[in-house]
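Student: Below is the file coords10.txt, with compact mmCIF, C-alpha atoms.
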```txt
# COMPACT_ATOMS: atom_id res chain seq x y z
CA MET A 1 28.11 -11.67 -5.34
CA ILE A 2 28.07 -9.21 -2.46
CA THR A 3 31.20 -9.60 -0.35
CA HIS A 4 31.13 -6.50 1.86
CA HIS A 5 28.38 -6.27 4.43
CA PRO A 6 27.45 -4.04 7.37
CA ASP A 7 28.81 -5.62 10.58
CA ASP A 8 26.70 -6.87 13.47
CA ASN A 9 27.06 -3.57 15.31
CA VAL A 10 25.61 -1.58 12.43
CA LEU A 11 22.83 -4.12 11.88
CA THR A 12 22.02 -4.12 15.60
CA GLU A 13 21.76 -0.34 15.63
CA TYR A 14 19.49 -0.61 12.61
CA ALA A 15 17.28 -3.31 14.12
CA SER A 16 17.04 -1.52 17.46
CA GLY A 17 16.18 1.73 15.73
CA SER A 18 19.06 3.89 16.95
CA LEU A 19 20.94 4.22 13.68
CA ALA A 20 20.70 7.75 12.24
CA THR A 21 18.07 8.00 9.50
CA ALA A 22 20.62 8.81 6.81
CA MET A 23 22.66 5.72 7.70
CA GLY A 24 19.47 3.66 8.00
CA LEU A 25 18.69 4.65 4.46
CA ILE A 26 21.67 2.94 2.90
CA VAL A 27 21.53 -0.04 5.25
CA CYS A 28 17.94 -0.46 4.06
CA ALA A 29 19.06 -0.20 0.42
CA HIS A 30 21.70 -2.85 1.09
CA LEU A 31 19.07 -5.12 2.66
CA GLN A 32 16.95 -4.83 -0.47
CA THR A 33 19.73 -6.52 -2.41
CA CYS A 34 21.28 -8.76 0.24
CA PRO A 35 19.33 -11.81 1.49
CA HIS A 36 22.18 -12.65 3.88
CA CYS A 37 21.86 -9.39 5.84
CA ARG A 38 18.08 -9.45 5.59
CA LYS A 39 18.09 -12.74 7.38
CA ARG A 40 20.44 -11.35 10.00
CA VAL A 41 18.18 -8.35 10.59
CA GLU A 42 15.21 -10.69 10.87
CA GLN A 43 17.03 -12.47 13.66
CA LEU A 44 17.90 -9.18 15.32
CA ASN A 45 14.24 -8.18 15.14
CA LYS A 46 13.39 -11.46 16.82
CA LEU A 47 15.87 -10.53 19.52
CA GLY A 48 13.94 -7.25 19.88
CA ALA A 49 10.77 -9.30 20.26
CA ALA A 50 12.50 -11.48 22.88
CA ILE A 51 13.46 -8.38 24.85
CA LEU A 52 9.89 -7.10 24.53
CA ASN A 53 8.61 -10.45 25.80
CA HIS A 54 10.96 -10.25 28.78
CA SER A 55 9.88 -6.73 29.69
CA VAL A 56 8.14 -6.29 33.02
CA ALA A 57 4.40 -6.27 32.32
CA GLU A 58 3.13 -2.91 33.60
CA THR A 59 -0.52 -2.35 34.46
CA ILE A 60 -2.40 -0.44 31.80
CA GLN A 61 -4.92 2.16 32.93
CA PRO A 62 -8.42 0.79 32.42
CA GLU A 63 -9.57 3.63 30.14
CA THR A 64 -6.68 3.30 27.66
CA PHE A 65 -8.24 0.46 25.69
CA GLU A 66 -11.62 2.17 25.39
CA GLN A 67 -9.97 5.42 24.26
CA LEU A 68 -8.04 3.52 21.66
CA MET A 69 -11.14 1.77 20.33
CA THR A 70 -12.96 5.11 20.09
CA ARG A 71 -10.06 6.48 18.08
CA ILE A 72 -10.04 3.44 15.82
CA ARG A 73 -13.80 3.54 15.22
CA ASN A 74 -13.67 7.24 14.41
CA GLN A 75 -11.38 6.75 11.52
CA SER A 76 -12.10 4.99 8.30
CA THR A 77 -10.18 1.75 8.12
CA ASP A 78 -10.60 1.61 4.33
CA VAL A 79 -8.49 4.74 4.01
CA ALA A 80 -5.80 3.17 6.17
CA VAL A 81 -5.63 0.07 4.00
CA SER A 82 -5.36 2.04 0.75
CA ASP A 83 -2.71 4.26 2.38
CA VAL A 84 -0.56 1.21 2.95
CA LYS A 85 -0.85 0.34 -0.73
CA ALA A 86 -0.41 3.92 -1.99
CA SER A 87 2.93 4.38 -0.28
CA ARG A 88 4.38 1.75 -2.61
CA SER A 89 5.73 1.91 -6.17
CA PRO A 90 7.16 5.39 -6.78
CA GLU A 91 6.97 6.53 -10.37
CA LEU A 92 10.40 6.96 -11.90
CA HIS A 93 10.84 10.14 -13.94
CA PRO A 94 11.72 9.35 -17.61
CA VAL A 95 15.10 11.07 -17.16
CA TYR A 96 16.01 8.45 -14.54
CA ALA A 97 14.26 5.55 -16.25
CA ASN A 98 16.45 6.12 -19.32
CA ASP A 99 19.69 6.36 -17.37
CA PRO A 100 21.31 2.92 -17.17
CA LEU A 101 22.88 3.81 -13.82
CA LEU A 102 19.65 5.03 -12.24
CA LYS A 103 16.90 2.85 -13.61
CA HIS A 104 17.41 -0.10 -11.26
CA LEU A 105 17.90 1.74 -7.99
CA PRO A 106 16.67 0.13 -4.76
CA LYS A 107 13.22 1.54 -4.07
CA VAL A 108 14.22 3.43 -0.95
CA ILE A 109 16.93 5.26 -2.92
CA ALA A 110 14.67 5.93 -5.92
CA LYS A 111 12.37 7.81 -3.57
CA LEU A 112 15.17 10.29 -2.87
CA LEU A 113 15.43 11.40 -6.49
CA PRO A 114 14.01 14.88 -7.15
CA ARG A 115 10.58 14.30 -8.68
CA ASP A 116 11.05 16.88 -11.43
CA GLY A 117 13.85 14.80 -12.95
CA LYS A 118 16.41 17.48 -12.18
CA LEU A 119 19.14 15.68 -10.33
CA LYS A 120 22.01 18.16 -10.14
CA TRP A 121 25.41 16.66 -10.87
CA GLU A 122 28.46 18.62 -9.86
CA ARG A 123 31.95 17.89 -11.02
CA VAL A 124 34.14 17.15 -8.03
CA SER A 125 37.33 16.23 -9.80
CA LYS A 126 38.42 14.48 -12.96
CA GLY A 127 36.29 11.36 -13.32
CA LEU A 128 34.11 12.09 -10.30
CA LYS A 129 30.72 13.76 -10.18
CA SER A 130 28.48 14.03 -7.22
CA ALA A 131 24.82 14.88 -6.67
CA ARG A 132 23.50 15.73 -3.26
CA LEU A 133 20.22 14.26 -2.14
CA VAL A 134 17.74 15.92 0.17
CA THR A 135 16.89 13.81 3.22
CA GLY A 136 16.13 16.42 5.86
CA GLN A 137 19.09 15.25 7.91
CA LYS A 138 21.16 17.95 9.53
CA GLU A 139 24.20 16.01 10.61
CA TYR A 140 24.73 13.99 7.46
CA GLU A 141 25.35 14.62 3.83
CA VAL A 142 23.81 12.06 1.51
CA ALA A 143 25.04 12.07 -2.08
CA PHE A 144 25.45 10.00 -5.21
CA GLN A 145 29.03 9.59 -6.39
CA ARG A 146 29.52 8.77 -10.04
CA ILE A 147 32.94 7.61 -11.16
CA THR A 148 33.60 7.50 -14.91
CA SER A 149 34.79 4.11 -16.14
CA GLY A 150 38.50 3.66 -15.64
CA SER A 151 38.93 6.89 -13.68
CA THR A 152 40.82 7.16 -10.44
CA VAL A 153 39.47 9.56 -7.88
CA VAL A 154 41.91 11.91 -6.18
CA GLU A 155 43.19 10.54 -2.89
CA HIS A 156 41.14 11.69 0.06
CA ASP A 157 40.77 10.84 3.71
CA HIS A 158 37.74 10.74 5.94
CA ARG A 159 37.36 13.02 8.88
CA GLY A 160 33.99 11.61 9.77
CA LEU A 161 32.39 8.22 9.48
CA GLU A 162 31.34 7.44 5.93
CA MET A 163 29.09 4.66 4.73
CA THR A 164 28.99 3.85 1.04
CA LEU A 165 26.85 1.48 -0.96
CA VAL A 166 27.73 0.49 -4.52
CA LEU A 167 24.55 0.84 -6.57
CA CYS A 168 25.81 0.09 -10.05
CA GLY A 169 29.11 -0.99 -11.61
CA SER A 170 32.18 -1.53 -9.48
CA PHE A 171 35.32 0.16 -8.25
CA SER A 172 38.48 -0.85 -6.50
CA ASP A 173 40.93 0.70 -4.09
CA GLU A 174 44.00 -0.40 -2.15
CA ASP A 175 41.90 -2.81 -0.08
CA GLY A 176 39.85 -4.59 -2.69
CA VAL A 177 37.12 -4.61 -5.30
CA TYR A 178 33.61 -3.43 -4.53
CA ARG A 179 30.66 -4.51 -6.61
CA GLU A 180 26.96 -3.80 -6.79
CA GLY A 181 25.37 -4.18 -3.35
CA ASP A 182 28.66 -3.97 -1.45
CA PHE A 183 28.55 -1.91 1.71
CA LEU A 184 31.61 -0.06 2.98
CA VAL A 185 32.41 1.84 6.12
CA ARG A 186 35.30 4.29 6.23
CA THR A 187 36.36 5.49 9.62
CA PRO A 188 38.01 8.84 10.27
CA GLY A 189 41.62 8.97 9.18
CA GLU A 190 41.42 6.32 6.46
CA THR A 191 42.81 7.40 3.12
CA HIS A 192 41.91 5.85 -0.22
CA ARG A 193 41.93 6.34 -3.99
CA PRO A 194 39.03 4.55 -5.64
CA THR A 195 39.20 3.56 -9.32
CA ALA A 196 36.17 2.58 -11.37
CA THR A 197 36.46 -0.53 -13.53
CA GLN A 198 37.22 -0.02 -17.21
CA ASN A 199 34.03 -1.13 -18.87
CA GLN A 200 31.40 0.75 -16.89
CA ASP A 201 30.69 3.88 -14.88
CA CYS A 202 30.24 3.28 -11.20
CA LEU A 203 27.44 4.75 -9.11
CA CYS A 204 27.60 4.82 -5.31
CA ILE A 205 25.57 6.46 -2.62
CA SER A 206 27.40 7.74 0.41
CA VAL A 207 26.47 9.12 3.79
CA VAL A 208 29.08 11.25 5.50
CA GLU A 209 28.82 12.56 9.01
CA ALA A 210 31.51 15.22 8.72
CA PRO A 211 33.44 16.91 5.92
CA VAL A 212 35.60 14.76 3.65
CA LYS A 213 39.02 16.32 3.31
CA VAL A 214 40.95 15.87 0.12
CA THR A 215 44.59 15.12 0.85
CA GLY A 216 47.57 15.70 -1.39
CA LEU A 217 48.54 18.68 -3.52
CA LEU A 218 45.49 18.60 -5.75
CA GLY A 219 43.32 18.49 -2.69
CA LYS A 220 43.92 22.13 -1.96
CA LEU A 221 42.23 23.03 -5.23
CA ILE A 222 39.38 20.62 -4.84
CA ASN A 223 38.44 21.07 -1.21
CA PRO A 224 35.99 23.93 -1.80
CA PHE A 225 33.88 21.60 -3.93
CA LEU A 226 33.73 19.08 -1.14
CA SER A 227 32.55 21.49 1.52
CA PHE A 228 30.10 19.81 3.83
CA ARG A 229 26.58 20.76 2.88
CA PRO A 230 23.88 18.66 4.43
CA ALA A 231 20.48 18.95 2.83
CA MET B 1 -16.12 -3.10 25.45
CA LEU B 2 -14.82 -5.48 28.07
CA ILE B 3 -11.24 -6.58 27.90
CA PRO B 4 -11.19 -10.37 28.04
CA ASN B 5 -9.45 -11.65 31.10
CA ILE B 6 -6.31 -12.93 29.46
CA GLY B 7 -3.24 -11.79 31.30
CA PRO B 8 0.25 -11.82 29.85
CA ASP B 9 1.15 -15.46 29.59
CA LYS B 10 4.69 -16.12 28.51
CA HIS B 11 4.04 -19.80 28.06
CA GLN B 12 1.34 -19.29 25.52
CA ARG B 13 2.62 -20.30 22.12
CA ASP B 14 3.50 -17.41 19.92
CA ASP B 15 1.46 -18.66 16.98
CA THR B 16 -1.69 -18.01 19.02
CA TRP B 17 -0.84 -14.32 18.82
CA SER B 18 -0.03 -14.59 15.16
CA ARG B 19 -3.44 -16.10 14.43
CA LEU B 20 -5.16 -13.35 16.41
CA LEU B 21 -3.20 -10.69 14.57
CA GLU B 22 -4.25 -12.20 11.25
CA GLN B 23 -7.89 -12.07 12.36
CA VAL B 24 -7.45 -8.40 13.20
CA GLY B 25 -5.89 -7.73 9.82
CA GLN B 26 -8.22 -9.81 7.66
CA ALA B 27 -11.54 -9.63 9.51
CA ARG B 28 -11.00 -6.43 11.56
CA ASP B 29 -11.89 -8.60 14.56
CA GLU B 30 -12.17 -6.37 17.64
CA ALA B 31 -12.35 -9.26 20.10
CA ALA B 32 -9.07 -10.65 18.72
CA PHE B 33 -7.57 -7.18 18.97
CA ALA B 34 -8.65 -6.93 22.63
CA LYS B 35 -6.78 -10.16 23.38
CA LEU B 36 -3.65 -8.88 21.67
CA PHE B 37 -3.95 -5.62 23.57
CA ALA B 38 -4.31 -7.40 26.91
CA HIS B 39 -1.11 -9.34 26.22
CA PHE B 40 1.13 -6.84 24.46
CA ALA B 41 0.09 -3.45 25.89
CA PRO B 42 1.55 -4.16 29.39
CA LEU B 43 4.77 -5.45 27.80
CA ILE B 44 5.07 -2.40 25.56
CA LYS B 45 4.57 -0.17 28.59
CA GLY B 46 7.20 -2.14 30.50
CA PHE B 47 9.59 -1.88 27.57
CA CYS B 48 9.08 1.91 27.51
CA LEU B 49 9.53 2.30 31.24
CA GLY B 50 12.67 0.18 31.15
CA ASN B 51 13.83 2.98 28.99
CA LEU B 52 15.57 5.09 31.64
CA ASN B 53 17.26 8.37 30.68
CA SER B 54 15.80 8.27 27.23
CA ASN B 55 13.76 10.86 25.42
CA PHE B 56 10.66 9.11 26.63
CA PRO B 57 9.04 10.80 29.60
CA ALA B 58 7.69 8.08 31.90
CA GLU B 59 4.22 9.65 32.00
CA ALA B 60 4.02 9.33 28.22
CA ALA B 61 4.21 5.53 28.36
CA GLU B 62 0.42 5.12 28.23
CA GLU B 63 0.26 7.35 25.18
CA VAL B 64 2.99 5.38 23.50
CA VAL B 65 1.13 2.15 24.18
CA GLN B 66 -1.97 3.65 22.58
CA GLU B 67 0.00 4.92 19.61
CA VAL B 68 1.71 1.57 19.02
CA MET B 69 -1.51 -0.43 19.31
CA PHE B 70 -3.26 2.06 17.02
CA LYS B 71 -0.57 1.44 14.40
CA VAL B 72 -0.89 -2.31 14.98
CA TRP B 73 -4.60 -2.04 14.14
CA GLN B 74 -3.94 0.18 11.12
CA LYS B 75 -1.14 -1.87 9.65
CA SER B 76 -2.42 -5.33 10.46
CA PRO B 77 -3.94 -5.86 6.97
CA SER B 78 -0.36 -6.10 5.70
CA TYR B 79 0.64 -8.64 8.36
CA ASP B 80 1.68 -12.02 6.98
CA ALA B 81 2.05 -14.77 9.54
CA THR B 82 4.27 -16.81 7.23
CA LYS B 83 6.90 -14.04 7.30
CA ALA B 84 7.00 -13.05 10.95
CA ALA B 85 5.56 -14.04 14.30
CA ALA B 86 3.19 -11.52 15.87
CA SER B 87 5.66 -10.55 18.60
CA THR B 88 8.40 -9.75 16.06
CA TRP B 89 6.00 -7.81 13.86
CA ILE B 90 4.67 -5.84 16.83
CA TYR B 91 8.23 -5.20 17.96
CA THR B 92 9.04 -3.60 14.58
CA VAL B 93 5.85 -1.50 14.68
CA MET B 94 6.81 -0.34 18.17
CA ARG B 95 10.38 0.41 17.11
CA ASN B 96 9.24 2.50 14.13
CA CYS B 97 6.77 4.33 16.36
CA ARG B 98 9.58 5.21 18.71
CA ILE B 99 11.89 6.39 15.92
CA ASP B 100 9.04 8.58 14.71
CA LEU B 101 8.37 9.99 18.18
CA MET B 102 12.03 10.64 18.88
CA ARG B 103 12.53 12.37 15.54
CA ARG B 104 9.50 14.56 16.18
CA HIS B 105 10.85 15.29 19.63
CA GLN B 106 14.13 16.47 18.14
CA ARG B 107 12.25 18.35 15.42
CA THR B 108 14.13 16.77 12.59
CA PRO B 109 11.64 16.29 9.80
CA THR B 110 12.33 13.15 7.81
CA ASP B 111 9.39 13.37 5.47
CA ARG B 112 10.42 16.28 3.30
CA GLU B 113 10.87 14.37 0.10
CA GLY B 114 8.34 11.68 0.77
CA ILE B 115 10.74 9.42 2.64
CA GLY B 116 9.15 8.11 5.80
CA ILE B 117 10.26 6.00 8.73
CA ASP B 118 8.49 3.00 7.24
CA ASP B 119 10.40 3.34 3.98
CA ILE B 120 13.67 2.94 5.81
CA TRP B 121 12.66 0.53 8.53
CA ASP B 122 10.40 -1.78 6.63
CA GLU B 123 10.74 -5.51 6.77
CA ALA B 124 7.31 -6.22 5.35
CA ASP B 125 8.36 -4.77 2.02
CA ASP B 126 8.94 -7.73 -0.21
CA ASP B 127 8.61 -6.88 -3.86
CA HIS B 128 11.62 -8.92 -4.81
CA ALA B 129 10.71 -12.48 -4.07
CA PHE B 130 13.63 -13.43 -1.89
CA VAL B 131 14.44 -17.05 -1.71
CA TYR B 132 15.67 -17.94 1.72
CA LEU B 133 18.15 -20.75 1.58
CA GLN B 134 17.51 -21.50 5.16
CA GLN B 135 14.69 -20.41 7.40
CA ALA B 136 15.87 -17.95 10.03
CA SER B 137 15.91 -19.45 13.51
CA ASN B 138 12.60 -19.37 15.24
CA GLU B 139 11.49 -17.00 17.98
CA ALA B 140 11.46 -19.58 20.75
CA LEU B 141 15.11 -20.47 20.19
CA ILE B 142 16.18 -16.84 20.09
CA ASN B 143 14.12 -16.13 23.18
CA ARG B 144 15.73 -19.01 25.08
CA SER B 145 19.27 -18.24 23.97
CA PHE B 146 18.84 -14.64 25.10
CA THR B 147 17.98 -15.75 28.62
CA GLN B 148 21.11 -17.90 28.71
CA LEU B 149 23.50 -15.01 28.06
CA PRO B 150 25.82 -13.80 30.81
CA PRO B 151 24.32 -10.71 32.56
CA GLU B 152 26.89 -8.31 31.11
CA GLN B 153 26.01 -9.13 27.50
CA ARG B 154 22.33 -9.39 28.23
CA GLN B 155 22.41 -5.99 29.81
CA VAL B 156 24.17 -4.25 26.95
CA LEU B 157 21.73 -5.75 24.42
CA THR B 158 18.80 -4.71 26.57
CA GLN B 159 20.23 -1.19 26.73
CA VAL B 160 20.69 -1.06 22.97
CA TYR B 161 17.13 -2.18 22.29
CA MET B 162 15.15 -0.68 25.16
CA GLN B 163 16.83 2.68 25.25
CA GLY B 164 17.21 2.90 21.50
CA LYS B 165 20.70 4.30 21.87
CA THR B 166 23.65 4.09 19.54
CA HIS B 167 26.78 2.31 20.74
CA GLN B 168 28.41 5.73 20.96
CA GLN B 169 25.68 7.11 23.21
CA ILE B 170 25.94 4.10 25.52
CA SER B 171 29.69 4.56 25.65
CA ASP B 172 29.30 8.26 26.49
CA GLU B 173 26.82 7.56 29.24
CA THR B 174 28.40 4.55 30.88
CA GLY B 175 32.00 5.65 30.48
CA LEU B 176 32.80 2.30 28.84
CA PRO B 177 35.09 2.65 25.82
CA LEU B 178 33.22 2.46 22.49
CA GLY B 179 35.23 -0.64 21.57
CA THR B 180 34.03 -2.39 24.73
CA VAL B 181 30.38 -1.63 24.00
CA LYS B 182 30.82 -2.86 20.44
CA SER B 183 32.56 -6.06 21.43
CA ARG B 184 30.00 -6.85 24.15
CA VAL B 185 27.22 -6.56 21.60
CA ARG B 186 29.12 -8.72 19.12
CA ILE B 187 30.13 -11.33 21.66
CA GLY B 188 26.57 -11.46 22.99
CA LEU B 189 25.18 -12.03 19.52
CA LYS B 190 27.82 -14.62 18.71
CA LYS B 191 27.12 -16.46 21.92
CA MET B 192 23.40 -16.51 21.12
CA GLN B 193 24.21 -17.83 17.68
CA THR B 194 26.27 -20.66 19.20
CA LEU B 195 23.45 -21.58 21.57
CA ILE B 196 20.92 -21.52 18.71
CA VAL B 197 23.05 -23.70 16.44
CA GLY B 198 23.57 -26.12 19.32
CA GLU B 199 19.85 -26.37 19.97
CA GLU B 200 19.04 -26.74 16.30
CA LYS B 201 21.41 -29.70 16.12
CA VAL B 202 19.65 -31.34 19.05
CA VAL B 203 16.29 -30.78 17.36
CA GLU B 204 17.63 -32.27 14.12
CA LYS B 205 19.00 -35.26 15.97
CA ASN B 206 15.74 -35.88 17.82
CA ARG B 207 13.87 -35.65 14.55
CA GLY B 208 16.26 -38.19 13.07
CA ASN B 209 15.75 -40.56 16.01
CA ALA B 210 11.98 -40.27 15.79
CA GLN B 211 11.94 -41.42 12.18
```
Could I get this file's structure written as structure tokens?
Tutor:
Amino acid sequence: MITHHPDDNVLTEYASGSLATAMGLIVCAHLQTCPHCRKRVEQLNKLGAAILNHSVAETIQPETFEQLMTRIRNQSTDVAVSDVKASRSPELHPVYANDPLLKHLPKVIAKLLPRDGKLKWERVSKGLKSARLVTGQKEYEVAFQRITSGSTVVEHDHRGLEMTLVLCGSFSDEDGVYREGDFLVRTPGETHRPTATQNQDCLCISVVEAPVKVTGLLGKLINPFLSFRPA
Amino acid sequence: MLIPNIGPDKHQRDDTWSRLLEQVGQARDEAAFAKLFAHFAPLIKGFCLGNLNSNFPAEAAEEVVQEVMFKVWQKSPSYDATKAAASTWIYTVMRNCRIDLMRRHQRTPTDREGIGIDDIWDEADDDHAFVYLQQASNEALINRSFTQLPPEQRQVLTQVYMQGKTHQQISDETGLPLGTVKSRVRIGLKKMQTLIVGEEKVVEKNRGNAQ
């Protein structure tokens, strides 16, 4: 049961199209597992339609329609239809398909996996590995975080906004337990120490808009690994 | 081809447009497409021009209209009237078009690893058969409740949607604190929800009386 959802502000930014692509990515992944938020976004899209319907109708230049029809007739519609179909169902590399944490990823996330099967995991600290994902976003770092079962991640705070989605397994921190599909927002200045549950590794995807700083004594040693590297 | 003389008519029932859109998608019906164009193109242009201070140059509005309606034609085979009304579906096509245009404008490629705008902003994607416990409120109710909002909340929601700006950007530009922008959006949405629930109860009651 998903208990942590994006709030109305985040969903409104998503539905109105202003949310940064990297953030949109994990909101989308959450929607693929959360009927509650999907319904909410549907309503927010209907609000978009209402605002469109209330727009002032502006006169269209008479030649626009004819130009459009010429453009449409000049291109093969059959190609367009098959394009729609072809963009679906990405093939999962055997390396991912055999990994219990990766084989059931939401489709939008699965598309981010390197196609050659070479997802590069880097050790961040004891119990925590991370793998950066390429999204073409300059201002955001998108990465998988993998916490070994039962491990506690070194305490860290957030200098920038961070959105996290639990993809597999669960973890807990001072504020609660987060399970598959749960969506979390950490605002700058918040400090936490996540611990994965005993029986299973936990996989999350996170989007960070500025460097995460590791606090505490150990942090000084670990910080270089957490340098902000958008890709 | 002549554009049929059907002006924008807000009183026309939305399912008329949905039927036309289905004809475009299934039968590639150009006459049906012309009717949709005559109704939605002026609204899309108005929506774009209501878009002050954005990355949209006003003179580009015609081009945007053409681009959106081109996508509507292209994507219409995937339109399913049981999932969304035409106006909502066209709104999402328009929104994705704008995201695409704005990204291109800022030269931030999003397609490097095969992830496109439509992968992230895609409501039509329905591989998991979701079971909706309750049908989302219909367009007419949402439309009506929006018009009943106090101007302040209506304005902030219009800004969010028309200008495609984040809460932070609106805060920066208007000088309103971020918290105020956020709470106006939330209160506006909550108020709409209250109005919708109220109306739904009335509808239920009337249905009960009729039986």
Student: Distance atom CA of B:Glu139-atom CA of B:Met94, one decimal place?
Tutor: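 Separation between atom CA of B:Glu139 and atom CA of B:Met94: 17.3 Å.
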Student: Between atom CA of B:Gln74 and atom CA of A:Leu92, measure the distance and give it in Å to one decimal.
Tutor: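 The value is 28.0 Å.
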Student: Would you work out the distance separating atom CA of A:Ala29 from atom CA of B:Val156, expressed in Å to one decimal?
Tutor: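 Separation of atom CA of A:Ala29 and atom CA of B:Val156: 27.3 Å.
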Student: Env of stretch 76-87 of chain B: 6 Å cut, atoms = only C-alpha atoms, seq-sep filter 3 positions within chain, self excluded. Answer as a list in words.
Tutor: Ala49 of chain A; Trp17, Ser18, Gly25, Gln26, Val72, Trp73, Ile90 and Tyr91 of chain B
Student: For chain B against chain A, which residues fall within 6 Å using all atoms listed in the file, given as a PyMOL selection string?
Tutor: chain B and resi 42-43+45-47+87-88+91+109-110+120+139+143+161+164-166
Student: May I have the residues within 7 Å of stretch 168-171 of chain A as a list in words, using only C-alpha atoms and disregarding those fewer than 3 positions away in the same chain?
Tutor: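 That gives Leu101, Val177, Tyr178, Arg179, Glu180, Pro194, Thr195, Ala196, Thr197, Gln200, Asp201, Cys202, Leu203 and Cys204 of chain A.
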Student: At a cut-off of 8 Å, using all atoms listed in the file, what residues contact B:Leu149? Leave out same-chain residues fewer than 2 positions from it and give the result as a compact mmCIF listing (two decimals) with C-alpha atoms, in the frame of the given file.
Tutor:
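The result, written out as around.txt:
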```
# COMPACT_ATOMS: atom_id res chain seq x y z
CA SER B 145 19.27 -18.24 23.97
CA PHE B 146 18.84 -14.64 25.10
CA THR B 147 17.98 -15.75 28.62
CA PRO B 151 24.32 -10.71 32.56
CA GLN B 153 26.01 -9.13 27.50
CA ARG B 154 22.33 -9.39 28.23
CA GLY B 188 26.57 -11.46 22.99
CA LYS B 191 27.12 -16.46 21.92
CA MET B 192 23.40 -16.51 21.12
```
